[in-house]
$ cat entry_30.txt   # compact mmCIF, C-alpha atoms and all ligand atoms
# COMPACT_ATOMS: atom_id res chain seq x y z
CA MET A 9 29.78 -6.66 11.99
CA SER A 10 26.34 -8.13 12.45
CA ASP A 11 25.30 -8.10 16.04
CA ILE A 12 21.63 -8.14 15.17
CA PHE A 13 19.97 -11.45 15.17
CA ILE A 14 16.80 -12.38 16.76
CA GLY A 15 16.61 -16.15 17.29
CA ASN A 16 19.35 -18.73 17.45
CA GLN A 17 20.54 -18.16 13.94
CA GLU A 18 21.61 -15.23 11.80
CA PHE A 19 19.96 -15.45 8.38
CA PHE A 20 21.51 -12.46 6.61
CA LYS A 21 25.13 -13.19 7.42
CA GLY A 22 27.71 -10.57 6.63
CA ILE A 23 25.13 -7.78 6.43
CA GLY A 24 24.92 -5.38 9.37
CA LYS A 25 22.62 -2.46 10.03
CA ILE A 26 22.19 -0.44 6.82
CA SER A 27 23.35 3.11 7.33
CA TYR A 28 23.28 6.41 5.48
CA GLU A 29 26.49 7.08 3.57
CA GLY A 30 25.31 9.86 1.24
CA PRO A 31 25.02 10.25 -2.56
CA ALA A 32 28.73 9.73 -3.24
CA SER A 33 28.89 6.30 -1.58
CA ASP A 34 29.68 3.34 -3.81
CA ASN A 35 28.48 0.84 -1.23
CA PRO A 36 25.38 -0.92 -2.61
CA LEU A 37 24.42 -1.80 0.98
CA ALA A 38 24.13 1.81 2.18
CA PHE A 39 21.51 4.52 1.86
CA LYS A 40 22.45 7.33 -0.52
CA PHE A 41 19.49 9.61 0.20
CA TYR A 42 17.48 8.13 3.07
CA ASP A 43 18.92 9.63 6.22
CA PRO A 44 16.36 8.56 8.86
CA LYS A 45 16.99 11.31 11.41
CA LYS A 46 17.37 14.16 8.91
CA ILE A 47 14.70 16.82 9.40
CA VAL A 48 12.70 17.72 6.30
CA ALA A 49 9.65 20.00 6.50
CA GLY A 50 9.72 19.93 10.28
CA LYS A 51 9.87 16.16 10.79
CA SER A 52 12.46 13.42 10.51
CA MET A 53 12.55 11.43 7.29
CA GLU A 54 11.64 8.26 9.17
CA ASP A 55 8.56 9.90 10.67
CA HIS A 56 7.41 11.17 7.28
CA LEU A 57 8.02 7.97 5.36
CA ARG A 58 6.91 5.29 7.83
CA PHE A 59 8.40 2.42 5.83
CA SER A 60 6.89 -1.02 6.10
CA ILE A 61 8.10 -4.38 4.81
CA ALA A 62 5.71 -6.80 3.11
CA TYR A 63 6.10 -10.30 4.49
CA TRP A 64 4.70 -12.00 1.40
CA HIS A 65 7.10 -10.66 -1.21
CA SER A 66 10.18 -10.56 0.98
CA PHE A 67 10.02 -13.84 2.87
CA CYS A 68 7.53 -16.04 0.97
CA ALA A 69 7.73 -15.32 -2.78
CA ASP A 70 10.44 -17.59 -4.10
CA GLY A 71 10.52 -16.48 -7.73
CA THR A 72 7.90 -18.96 -8.93
CA ASP A 73 5.99 -17.61 -11.94
CA PRO A 74 3.49 -19.20 -14.35
CA PHE A 75 6.40 -20.28 -16.53
CA GLY A 76 8.97 -21.44 -14.04
CA LYS A 77 9.86 -22.90 -10.68
CA ALA A 78 11.34 -21.26 -7.62
CA THR A 79 14.65 -19.51 -8.12
CA MET A 80 15.15 -18.43 -4.49
CA HIS A 81 15.94 -20.85 -1.72
CA PHE A 82 15.46 -19.44 1.73
CA PRO A 83 17.56 -20.54 4.71
CA TRP A 84 14.49 -20.24 6.95
CA ASN A 85 12.62 -23.06 5.18
CA ASP A 86 12.12 -26.22 7.22
CA SER A 87 10.22 -29.46 6.66
CA ASP A 88 8.11 -28.78 9.78
CA PRO A 89 5.76 -25.93 8.80
CA MET A 90 5.54 -24.46 12.32
CA VAL A 91 9.32 -24.49 12.73
CA ALA A 92 9.60 -22.87 9.30
CA ALA A 93 7.06 -20.18 10.29
CA LYS A 94 9.02 -19.27 13.41
CA LYS A 95 12.36 -19.26 11.60
CA LYS A 96 10.81 -17.10 8.89
CA ALA A 97 9.58 -14.70 11.57
CA GLU A 98 13.07 -14.50 13.04
CA ALA A 99 14.54 -13.83 9.58
CA ALA A 100 11.87 -11.19 8.95
CA PHE A 101 12.57 -9.32 12.19
CA GLU A 102 16.31 -9.56 11.59
CA PHE A 103 15.67 -7.95 8.20
CA PHE A 104 13.34 -5.22 9.56
CA THR A 105 15.96 -4.34 12.15
CA LYS A 106 18.90 -4.32 9.77
CA ILE A 107 17.14 -2.28 7.08
CA GLY A 108 15.67 0.03 9.74
CA ALA A 109 11.97 -0.32 8.89
CA PRO A 110 9.65 0.60 11.76
CA PHE A 111 6.65 -1.36 10.39
CA TYR A 112 5.67 -4.59 8.67
CA ALA A 113 2.57 -6.08 7.05
CA PHE A 114 1.41 -9.65 6.42
CA HIS A 115 -1.37 -11.94 5.19
CA ASP A 116 -2.46 -14.62 7.66
CA ILE A 117 -0.96 -17.46 5.64
CA ASP A 118 2.29 -15.63 4.87
CA ALA A 119 3.12 -15.84 8.53
CA SER A 120 1.29 -18.94 9.67
CA PRO A 121 0.76 -22.37 8.04
CA GLU A 122 -2.77 -22.73 6.65
CA GLY A 123 -3.12 -26.29 7.98
CA GLU A 124 -5.53 -28.94 6.77
CA THR A 125 -8.57 -27.89 8.80
CA ALA A 126 -10.16 -24.68 10.04
CA ALA A 127 -9.20 -25.61 13.62
CA GLU A 128 -5.58 -26.10 12.59
CA TYR A 129 -5.63 -22.77 10.78
CA GLU A 130 -6.79 -20.97 13.92
CA ALA A 131 -4.46 -22.77 16.31
CA ASN A 132 -1.40 -22.21 14.09
CA TYR A 133 -2.23 -18.54 13.62
CA ILE A 134 -2.69 -17.85 17.33
CA GLU A 135 0.59 -19.62 18.14
CA VAL A 136 2.57 -17.78 15.44
CA ALA A 137 1.01 -14.46 16.49
CA ALA A 138 2.28 -14.95 20.04
CA TYR A 139 5.73 -15.44 18.58
CA LEU A 140 5.39 -12.33 16.42
CA LYS A 141 4.38 -10.40 19.52
CA LYS A 142 7.54 -11.51 21.27
CA LEU A 143 9.65 -10.39 18.29
CA GLN A 144 7.80 -7.06 18.10
CA ASP A 145 8.51 -6.44 21.78
CA GLN A 146 12.15 -7.43 21.35
CA THR A 147 12.76 -5.15 18.34
CA GLY A 148 10.19 -2.33 18.64
CA VAL A 149 8.94 -3.03 15.09
CA LYS A 150 5.17 -2.48 14.79
CA LEU A 151 2.40 -3.97 12.70
CA LEU A 152 1.22 -1.48 10.04
CA TRP A 153 -1.56 -3.83 8.94
CA ASN A 154 -2.44 -7.42 8.46
CA THR A 155 -4.92 -9.01 6.11
CA SER A 156 -6.39 -12.36 5.19
CA ASN A 157 -5.49 -14.20 2.03
CA LEU A 158 -8.95 -14.79 0.55
CA PHE A 159 -7.77 -15.52 -2.98
CA SER A 160 -5.16 -18.33 -3.14
CA HIS A 161 -7.12 -21.35 -1.88
CA PRO A 162 -9.29 -23.05 -4.55
CA ARG A 163 -12.38 -22.47 -2.37
CA TYR A 164 -12.08 -18.78 -3.24
CA MET A 165 -11.96 -19.25 -7.00
CA ASN A 166 -15.40 -17.58 -7.31
CA GLY A 167 -14.64 -14.92 -4.71
CA ALA A 168 -14.68 -14.78 -0.91
CA ALA A 169 -17.18 -12.35 0.67
CA SER A 170 -18.81 -11.98 -2.76
CA ASN A 171 -18.83 -15.72 -3.49
CA PRO A 172 -22.20 -16.95 -4.80
CA ASP A 173 -22.01 -19.92 -2.39
CA PHE A 174 -22.76 -18.95 1.23
CA PRO A 175 -20.50 -21.50 3.03
CA VAL A 176 -17.47 -19.94 1.33
CA VAL A 177 -18.48 -16.56 2.76
CA GLY A 178 -18.46 -18.18 6.21
CA ARG A 179 -15.00 -19.65 5.68
CA ALA A 180 -13.75 -16.19 4.65
CA ALA A 181 -15.29 -14.77 7.85
CA LEU A 182 -13.30 -17.25 9.94
CA GLN A 183 -10.09 -15.91 8.42
CA VAL A 184 -11.06 -12.27 8.84
CA LYS A 185 -12.22 -12.80 12.42
CA THR A 186 -9.00 -14.59 13.36
CA SER A 187 -6.87 -11.96 11.62
CA LEU A 188 -8.67 -9.22 13.57
CA ASP A 189 -8.10 -11.12 16.84
CA VAL A 190 -4.42 -11.39 15.94
CA ASN A 191 -4.29 -7.75 14.89
CA VAL A 192 -5.56 -6.59 18.26
CA SER A 193 -3.10 -8.87 20.08
CA LEU A 194 -0.26 -7.29 18.05
CA GLY A 195 -1.46 -3.67 18.38
CA GLY A 196 -1.94 -3.32 14.60
CA LEU A 197 -2.60 0.13 13.14
CA GLY A 198 -4.70 -1.03 10.22
CA TYR A 199 -6.47 -3.94 8.59
CA THR A 200 -6.53 -4.32 4.79
CA PHE A 201 -9.08 -5.80 2.42
CA TRP A 202 -7.67 -6.36 -1.04
CA GLY A 203 -10.38 -8.05 -3.11
CA GLY A 204 -8.39 -10.07 -5.60
CA ARG A 205 -11.29 -12.31 -6.56
CA GLU A 206 -14.07 -10.05 -5.28
CA GLY A 207 -15.23 -9.34 -8.80
CA TYR A 208 -16.30 -11.38 -11.77
CA MET A 209 -15.11 -13.15 -14.88
CA THR A 210 -18.38 -13.01 -16.87
CA LEU A 211 -21.75 -11.32 -16.38
CA TRP A 212 -23.43 -14.46 -17.79
CA ASN A 213 -23.04 -16.09 -14.37
CA THR A 214 -22.82 -13.12 -11.99
CA ASP A 215 -25.34 -10.98 -10.09
CA THR A 216 -23.07 -7.98 -9.49
CA LYS A 217 -25.59 -6.08 -7.35
CA ARG A 218 -26.08 -8.98 -4.98
CA GLU A 219 -22.36 -9.72 -4.76
CA GLN A 220 -21.45 -6.11 -3.95
CA ASP A 221 -24.16 -5.90 -1.31
CA HIS A 222 -22.79 -9.09 0.25
CA LEU A 223 -19.33 -7.52 0.23
CA GLY A 224 -20.71 -4.43 2.01
CA THR A 225 -22.52 -6.56 4.59
CA PHE A 226 -19.35 -8.55 5.20
CA PHE A 227 -17.31 -5.35 5.69
CA ARG A 228 -19.86 -3.95 8.15
CA MET A 229 -19.70 -7.21 10.11
CA ALA A 230 -15.90 -7.04 10.19
CA ARG A 231 -16.03 -3.41 11.32
CA ASP A 232 -18.51 -4.19 14.09
CA TYR A 233 -16.49 -7.18 15.29
CA GLY A 234 -13.23 -5.24 15.15
CA ARG A 235 -14.63 -2.35 17.15
CA LYS A 236 -16.14 -4.80 19.66
CA ILE A 237 -12.79 -6.46 20.39
CA GLY A 238 -10.89 -3.18 20.66
CA PHE A 239 -9.48 -2.65 17.16
CA THR A 240 -9.00 1.11 17.04
CA GLY A 241 -7.11 1.26 13.74
CA THR A 242 -8.35 1.95 10.22
CA PHE A 243 -9.84 -0.55 7.81
CA TYR A 244 -8.41 -0.18 4.33
CA ILE A 245 -9.78 -1.14 0.95
CA GLU A 246 -6.97 -1.58 -1.55
CA PRO A 247 -8.31 -0.84 -5.02
CA LYS A 248 -7.18 -2.75 -8.10
CA PRO A 249 -9.08 -2.99 -11.39
CA MET A 250 -8.33 -6.59 -12.37
CA GLU A 251 -5.86 -9.47 -11.98
CA PRO A 252 -6.72 -12.11 -10.95
CA SER A 253 -10.41 -11.24 -11.63
CA LYS A 254 -11.28 -9.92 -15.06
CA HIS A 255 -13.10 -7.12 -13.27
CA GLN A 256 -12.58 -6.33 -9.59
CA TYR A 257 -15.30 -4.45 -7.70
CA ASP A 258 -12.79 -2.07 -6.04
CA TYR A 259 -11.60 -0.91 -9.47
CA ASP A 260 -9.81 2.28 -8.45
CA ALA A 261 -9.84 4.90 -5.69
CA ALA A 262 -12.96 6.64 -6.99
CA THR A 263 -14.89 3.37 -7.23
CA ALA A 264 -13.74 2.20 -3.79
CA ILE A 265 -14.68 5.52 -2.18
CA ALA A 266 -18.14 5.47 -3.78
CA PHE A 267 -18.56 1.92 -2.48
CA ILE A 268 -17.37 2.87 1.02
CA LYS A 269 -19.92 5.70 1.14
CA ASP A 270 -22.69 3.68 -0.48
CA GLN A 271 -22.26 1.01 2.18
CA GLY A 272 -22.08 3.43 5.13
CA LEU A 273 -18.46 2.59 5.95
CA GLU A 274 -16.93 6.08 5.68
CA ASN A 275 -16.18 6.51 9.38
CA ASP A 276 -14.07 3.36 9.59
CA PHE A 277 -12.67 2.71 6.12
CA LYS A 278 -10.09 4.48 3.97
CA CYS A 279 -8.06 3.43 0.92
CA ASN A 280 -4.69 1.76 0.70
CA ILE A 281 -3.32 2.99 -2.64
CA GLU A 282 -0.85 0.95 -4.64
CA ASN A 283 1.00 2.57 -7.54
CA ASN A 284 0.89 -0.45 -9.83
CA HIS A 285 -2.84 -0.93 -9.21
CA ALA A 286 -3.51 2.70 -10.15
CA THR A 287 -1.54 2.33 -13.39
CA LEU A 288 -3.36 -0.93 -14.17
CA ALA A 289 -6.58 1.11 -13.91
CA GLY A 290 -5.26 3.56 -16.50
CA HIS A 291 -4.44 6.22 -13.92
CA SER A 292 -1.23 7.46 -12.40
CA PHE A 293 -0.14 6.82 -8.80
CA ALA A 294 -0.60 10.55 -8.15
CA HIS A 295 -4.14 10.49 -9.56
CA ASP A 296 -5.39 7.82 -7.17
CA LEU A 297 -3.62 9.43 -4.20
CA GLN A 298 -5.17 12.79 -5.07
CA VAL A 299 -8.66 11.29 -5.42
CA CYS A 300 -8.27 9.89 -1.88
CA VAL A 301 -6.97 13.13 -0.42
CA ASP A 302 -9.83 15.08 -2.04
CA HIS A 303 -12.27 12.87 -0.11
CA GLY A 304 -10.31 12.59 3.15
CA MET A 305 -9.84 8.91 2.34
CA LEU A 306 -6.09 8.40 2.10
CA GLY A 307 -5.27 5.63 4.54
CA SER A 308 -2.00 4.00 3.56
CA VAL A 309 0.20 3.31 0.54
CA ASP A 310 1.54 0.15 -1.07
CA ALA A 311 4.79 1.47 -2.47
CA ASN A 312 5.91 -0.08 -5.74
CA GLN A 313 5.91 0.67 -9.45
CA GLY A 314 4.80 -1.04 -12.64
CA ASP A 315 6.45 -1.47 -15.98
CA ALA A 316 5.43 1.16 -18.52
CA GLN A 317 5.71 -1.24 -21.46
CA ASN A 318 3.75 -4.27 -20.34
CA GLY A 319 1.16 -2.75 -18.04
CA TRP A 320 0.48 -5.66 -15.70
CA ASP A 321 1.05 -5.85 -11.94
CA THR A 322 4.81 -6.39 -11.88
CA ASP A 323 5.23 -5.08 -8.30
CA GLU A 324 8.67 -3.62 -8.92
CA PHE A 325 10.54 -1.66 -6.29
CA PRO A 326 9.91 2.06 -6.68
CA THR A 327 12.88 3.87 -8.24
CA ASN A 328 11.05 6.46 -10.34
CA VAL A 329 11.79 9.67 -8.47
CA TYR A 330 9.36 11.68 -10.58
CA GLU A 331 6.54 9.47 -9.29
CA THR A 332 7.73 9.48 -5.68
CA THR A 333 8.00 13.28 -5.81
CA GLU A 334 4.41 13.67 -7.01
CA ALA A 335 3.29 11.16 -4.38
CA MET A 336 5.14 12.84 -1.53
CA LEU A 337 3.82 16.27 -2.53
CA ILE A 338 0.26 14.98 -2.24
CA ILE A 339 1.07 13.19 1.02
CA LEU A 340 2.72 16.28 2.53
CA LYS A 341 -0.29 18.39 1.60
CA ASN A 342 -2.46 15.75 3.27
CA GLY A 343 -0.60 16.46 6.52
CA GLY A 344 1.33 13.20 6.14
CA LEU A 345 0.41 9.54 6.21
CA HIS A 346 -1.05 9.73 9.74
CA SER A 347 -1.40 6.12 10.95
CA GLY A 348 -0.66 4.71 7.48
CA GLY A 349 2.74 4.03 5.99
CA LEU A 350 4.71 3.30 2.84
CA ASN A 351 4.51 -0.45 2.62
CA PHE A 352 6.83 -2.02 0.04
CA ASP A 353 4.38 -4.27 -1.76
CA ALA A 354 7.23 -4.96 -4.14
CA LYS A 355 9.35 -7.92 -5.11
CA ARG A 356 12.83 -8.25 -6.42
CA ARG A 357 12.97 -9.78 -9.88
CA ARG A 358 12.91 -13.55 -10.24
CA ASN A 359 16.54 -13.56 -11.30
CA SER A 360 17.77 -11.32 -8.45
CA THR A 361 18.62 -14.38 -6.46
CA ASP A 362 21.20 -13.26 -3.90
CA LEU A 363 19.86 -12.72 -0.37
CA GLU A 364 21.58 -9.32 -0.42
CA ASP A 365 19.28 -8.35 -3.32
CA LEU A 366 16.49 -8.16 -0.75
CA PHE A 367 18.42 -5.37 0.96
CA ILE A 368 19.53 -3.65 -2.22
CA SER A 369 15.98 -3.50 -3.59
CA HIS A 370 14.57 -2.00 -0.38
CA ILE A 371 17.46 0.48 -0.15
CA GLY A 372 16.57 1.70 -3.66
CA GLY A 373 12.92 2.09 -2.74
CA MET A 374 13.69 3.95 0.48
CA ASP A 375 16.15 6.23 -1.30
CA ALA A 376 13.61 6.97 -4.05
CA PHE A 377 11.00 8.05 -1.50
CA ALA A 378 13.55 10.08 0.47
CA LEU A 379 14.43 11.95 -2.75
CA GLY A 380 10.74 12.39 -3.48
CA LEU A 381 10.16 13.77 0.01
CA GLU A 382 13.00 16.27 -0.22
CA THR A 383 11.95 17.44 -3.66
CA ALA A 384 8.31 17.77 -2.62
CA ALA A 385 9.32 19.80 0.43
CA ARG A 386 11.38 22.05 -1.86
CA ILE A 387 8.39 22.54 -4.18
CA ILE A 388 6.19 23.56 -1.24
CA ASP A 389 8.88 25.76 0.23
CA ASP A 390 9.52 27.63 -2.98
CA GLY A 391 5.80 27.99 -3.59
CA LYS A 392 5.90 28.74 -7.34
CA ILE A 393 3.81 25.75 -8.39
CA GLU A 394 1.37 26.08 -5.51
CA THR A 395 0.95 29.79 -6.18
CA PHE A 396 0.45 29.20 -9.89
CA LYS A 397 -2.21 26.59 -9.17
CA ALA A 398 -4.07 28.77 -6.68
CA ASP A 399 -3.90 31.73 -9.07
CA ARG A 400 -5.69 29.83 -11.83
CA TYR A 401 -8.83 29.89 -9.68
CA LYS A 402 -8.63 33.50 -8.52
CA SER A 403 -11.82 34.46 -10.40
CA PHE A 404 -13.71 32.41 -7.79
CA ASN A 405 -12.21 34.30 -4.85
CA SER A 406 -14.60 37.24 -4.88
CA GLY A 407 -17.73 38.71 -6.49
CA ASP A 408 -19.96 36.48 -8.62
CA GLY A 409 -17.32 33.74 -8.77
CA LYS A 410 -17.33 33.48 -4.99
CA ALA A 411 -21.14 33.56 -4.92
CA PHE A 412 -21.16 30.69 -7.44
CA GLU A 413 -18.70 28.69 -5.35
CA ASP A 414 -20.86 29.24 -2.28
CA GLY A 415 -23.91 28.00 -4.20
CA LYS A 416 -25.58 31.38 -3.92
CA ILE A 417 -26.55 32.11 -7.54
CA SER A 418 -29.05 30.48 -9.87
CA LEU A 419 -28.42 29.08 -13.32
CA GLU A 420 -30.37 32.03 -14.80
CA LYS A 421 -28.06 34.51 -13.08
CA LEU A 422 -25.02 32.52 -14.17
CA ALA A 423 -26.29 32.56 -17.75
CA GLU A 424 -26.77 36.37 -17.52
CA ILE A 425 -23.13 36.69 -16.40
CA GLY A 426 -22.13 34.47 -19.30
CA LYS A 427 -24.00 36.66 -21.79
CA LYS A 428 -21.88 39.67 -20.88
CA ALA A 429 -18.63 37.77 -20.39
CA ASP A 430 -15.70 37.89 -22.78
CA PRO A 431 -13.42 35.01 -21.66
CA LYS A 432 -9.76 35.28 -22.61
CA ASP A 433 -7.44 32.41 -23.56
CA ILE A 434 -5.42 31.69 -20.44
CA SER A 435 -2.44 29.37 -20.83
CA GLY A 436 -2.27 26.31 -18.54
CA LYS A 437 1.55 26.51 -18.75
CA GLN A 438 2.03 22.75 -18.47
CA GLU A 439 5.47 22.77 -20.06
CA MET A 440 6.67 25.58 -17.81
CA LEU A 441 5.53 23.56 -14.78
CA ASN A 442 7.18 20.36 -16.07
CA ASN A 443 10.41 22.32 -16.54
CA LEU A 444 10.17 23.70 -13.02
CA VAL A 445 9.79 20.20 -11.57
CA ASN A 446 13.00 19.17 -13.31
CA GLN A 447 14.75 22.17 -11.78
CA TYR A 448 13.55 21.16 -8.30
CA LEU A 449 14.74 17.63 -8.98
CA PHE A 450 18.13 18.31 -10.44
CA ASN A 451 19.28 21.74 -9.30
CA ARG A 452 20.20 20.49 -5.86
C1 LIG B 501 -2.08 -7.76 -4.82
C2 LIG B 501 -1.74 -6.93 -3.66
C3 LIG B 501 -1.85 -7.60 -2.33
C4 LIG B 501 -2.40 -6.74 -1.27
C5 LIG B 501 -2.68 -7.47 0.02
O1 LIG B 501 -1.96 -7.13 -6.03
O2 LIG B 501 -1.35 -5.80 -3.78
O3 LIG B 501 -0.59 -8.07 -1.98
O4 LIG B 501 -1.56 -5.68 -0.99
O5 LIG B 501 -3.51 -8.54 -0.14
CO CO B 502 -0.80 -4.29 -2.38
$ encode --input "entry_30.txt" --output "structure tokens"
Amino acid sequence: MSDIFIGNQEFFKGIGKISYEGPASDNPLAFKFYDPKKIVAGKSMEDHLRFSIAYWHSFCADGTDPFGKATMHFPWNDSDPMVAAKKKAEAAFEFFTKIGAPFYAFHDIDASPEGETAAEYEANYIEVAAYLKKLQDQTGVKLLWNTSNLFSHPRYMNGAASNPDFPVVGRAALQVKTSLDVNVSLGGLGYTFWGGREGYMTLWNTDTKREQDHLGTFFRMARDYGRKIGFTGTFYIEPKPMEPSKHQYDYDAATAIAFIKDQGLENDFKCNIENNHATLAGHSFAHDLQVCVDHGMLGSVDANQGDAQNGWDTDEFPTNVYETTEAMLIILKNGGLHSGGLNFDAKRRRNSTDLEDLFISHIGGMDAFALGLETAARIIDDGKIETFKADRYKSFNSGDGKAFEDGKISLEKLAEIGKKADPKDISGKQEMLNNLVNQYLFNR
């Protein structure tokens, strides 16, 4: 059954390559909607969706939460941290291969032991990266992005690049530099900055202007170094409003884009949008994706969902097809994800303790995005919603409306037009559009 294992040991015993069995299948370990080679809107599902697996949630997070100990015990753990790192890498690539994900993403210390000293950190990381390269070559799985964990170690409790104490900024630079070296050695497509503690807890002790300028300087240094060593991918900022900081500088897509432009980073940086971060900011997933697309700033996506009742960053696997449909519609109209992907920054629940739950949760997420893709393609194909939307703006297509849009009339002239105008009440038809979406979803 399972002929796929990467090292000396098979970690996910009894589970073979996950295949498409269709909506009627009662096999929890099969895709119901994700059919990788199926052509939708001119491209295969796998090329549209570009799924990526997050190392940290899938192979590191063991169910520990602020109220309880680990509930998951991984067969790749070992008392020797370097042996454990290599076994974890083998388990990870076995999983990527079996689930059929073309990409993965990791933080430096997800993959490689942090060590006691900076020198140990670097040496471990370089050694593990060489092993990851071997596994990439063996399986064909590619690195969507890597990043540096600049938030877990106590030294980062006041921030990393925005830390008020300069030596900490230097220590963060060592991690980012090494991660960029590793990225280039692995042919990574992107590099992510998520600023968990790049923010503040109280304005009584924080100079926000200075901290944000330091953050910008740090990003420009990373960009320059990356370009110097041959990193041709995209740098991503992953917005999130809070948690663990009370206030994070990259609050949401709009804030991150303003920051990117303010700091002169717009040719090299885009956003990595995470659903649960958008909802934590009081937006929807679709809102933050649309803000990015409007500015040509959609880089990549951290695919997950939050919990509507409690609001915090629960990082659940995406199953809400309404949300994936809206997301895929925006992505399709953006011409796709380009070099980004749908990275499952999602974790199974603390009490989903069977190893097979790792498969089942990803299958659900992949199926939800496949359904979203097909529905979005149907919406575009049918054209009713797109036509309705375009029609609402038809008064700007010609005459004075067009002149206004082109910036060719003055406020006085506009006011003159207004004096003579007799605007009618024009329905926005929200309910009709909501009803249409349900037809696209369920009249299959
Ligand atoms: C935290 C989060 C991170 C980033 C990478 O909320 O989403 O895992 O994706 O640091
Ligand atoms: Co994320």
$ closest_residue --input "entry_30.txt" --among "A:Asp173, A:Asp353, A:Asp414, A:Glu54" --to "ligand LIG 501 (chain B)" --atoms "only C-alpha atoms and all ligand atoms"
A:Asp353
$ atom_distance --input "entry_30.txt" --atom1 "atom CA of Ala311 of chain A" --atom2 "atom CA of Arg357 of chain A"
15.8 Å
$ residues_around --input "entry_30.txt" --residues "Lys141 of chain A" --least-positions-apart "2" --cutoff "12 Å" --atoms "only C-alpha atoms" --output "PDB file with C-alpha atoms, keeping the file's coordinate frame"
ATOM      1  CA  LYS A  94       9.020 -19.270  13.410  1.00  0.00           C
ATOM      2  CA  ALA A  97       9.580 -14.700  11.570  1.00  0.00           C
ATOM      3  CA  GLU A  98      13.070 -14.500  13.040  1.00  0.00           C
ATOM      4  CA  PHE A 101      12.570  -9.320  12.190  1.00  0.00           C
ATOM      5  CA  ILE A 134      -2.690 -17.850  17.330  1.00  0.00           C
ATOM      6  CA  GLU A 135       0.590 -19.620  18.140  1.00  0.00           C
ATOM      7  CA  VAL A 136       2.570 -17.780  15.440  1.00  0.00           C
ATOM      8  CA  ALA A 137       1.010 -14.460  16.490  1.00  0.00           C
ATOM      9  CA  ALA A 138       2.280 -14.950  20.040  1.00  0.00           C
ATOM     10  CA  TYR A 139       5.730 -15.440  18.580  1.00  0.00           C
ATOM     11  CA  LEU A 143       9.650 -10.390  18.290  1.00  0.00           C
ATOM     12  CA  GLN A 144       7.800  -7.060  18.100  1.00  0.00           C
ATOM     13  CA  ASP A 145       8.510  -6.440  21.780  1.00  0.00           C
ATOM     14  CA  GLN A 146      12.150  -7.430  21.350  1.00  0.00           C
ATOM     15  CA  THR A 147      12.760  -5.150  18.340  1.00  0.00           C
ATOM     16  CA  GLY A 148      10.190  -2.330  18.640  1.00  0.00           C
ATOM     17  CA  VAL A 149       8.940  -3.030  15.090  1.00  0.00           C
ATOM     18  CA  LYS A 150       5.170  -2.480  14.790  1.00  0.00           C
ATOM     19  CA  LEU A 151       2.400  -3.970  12.700  1.00  0.00           C
ATOM     20  CA  VAL A 190      -4.420 -11.390  15.940  1.00  0.00           C
ATOM     21  CA  ASN A 191      -4.290  -7.750  14.890  1.00  0.00           C
ATOM     22  CA  VAL A 192      -5.560  -6.590  18.260  1.00  0.00           C
ATOM     23  CA  SER A 193      -3.100  -8.870  20.080  1.00  0.00           C
ATOM     24  CA  LEU A 194      -0.260  -7.290  18.050  1.00  0.00           C
ATOM     25  CA  GLY A 195      -1.460  -3.670  18.380  1.00  0.00           C
ATOM     26  CA  GLY A 196      -1.940  -3.320  14.600  1.00  0.00           C
TER      27      GLY A 196
END
$ residues_near_point --input "entry_30.txt" --point "(-14.2, -11.2, 14.2)" --cutoff "10 Å" --atoms "all atoms listed in the file" --output "PDB file with C-alpha atoms, in the frame of the given file"
ATOM      1  CA  ALA A 181     -15.290 -14.770   7.850  1.00  0.00           C
ATOM      2  CA  LEU A 182     -13.300 -17.250   9.940  1.00  0.00           C
ATOM      3  CA  GLN A 183     -10.090 -15.910   8.420  1.00  0.00           C
ATOM      4  CA  VAL A 184     -11.060 -12.270   8.840  1.00  0.00           C
ATOM      5  CA  LYS A 185     -12.220 -12.800  12.420  1.00  0.00           C
ATOM      6  CA  THR A 186      -9.000 -14.590  13.360  1.00  0.00           C
ATOM      7  CA  SER A 187      -6.870 -11.960  11.620  1.00  0.00           C
ATOM      8  CA  LEU A 188      -8.670  -9.220  13.570  1.00  0.00           C
ATOM      9  CA  ASP A 189      -8.100 -11.120  16.840  1.00  0.00           C
ATOM     10  CA  VAL A 190      -4.420 -11.390  15.940  1.00  0.00           C
ATOM     11  CA  MET A 229     -19.700  -7.210  10.110  1.00  0.00           C
ATOM     12  CA  ALA A 230     -15.900  -7.040  10.190  1.00  0.00           C
ATOM     13  CA  ARG A 231     -16.030  -3.410  11.320  1.00  0.00           C
ATOM     14  CA  ASP A 232     -18.510  -4.190  14.090  1.00  0.00           C
ATOM     15  CA  TYR A 233     -16.490  -7.180  15.290  1.00  0.00           C
ATOM     16  CA  GLY A 234     -13.230  -5.240  15.150  1.00  0.00           C
ATOM     17  CA  ARG A 235     -14.630  -2.350  17.150  1.00  0.00           C
ATOM     18  CA  LYS A 236     -16.140  -4.800  19.660  1.00  0.00           C
ATOM     19  CA  ILE A 237     -12.790  -6.460  20.390  1.00  0.00           C
TER      20      ILE A 237
END
$ residues_near_ligand --input "entry_30.txt" --ligand "ligand CO 502 (chain B)" --cutoff "9 Å" --atoms "all atoms listed in the file" --output "PyMOL selection string"
chain A and resi 62+202+246-248+280-285+309-312+323+351-354
$ atom_distance --input "entry_30.txt" --atom1 "atom CA of Leu419 of chain A" --atom2 "atom CA of Asp399 of chain A"
25.0 Å
$ residues_around --input "entry_30.txt" --residues "His65 of chain A" --least-positions-apart "6" --cutoff "12 Å" --atoms "only C-alpha atoms" --output "ChimeraX atom specification"
/A:71-72,80,100,112-115,118-119,312,322-325,351-358,366,369-370
$ closest_residue --input "entry_30.txt" --among "A:Asp321, A:Asp270, A:Glu331, A:Glu18" --to "ligand LIG 501 (chain B)" --atoms "all atoms listed in the file"
A:Asp321
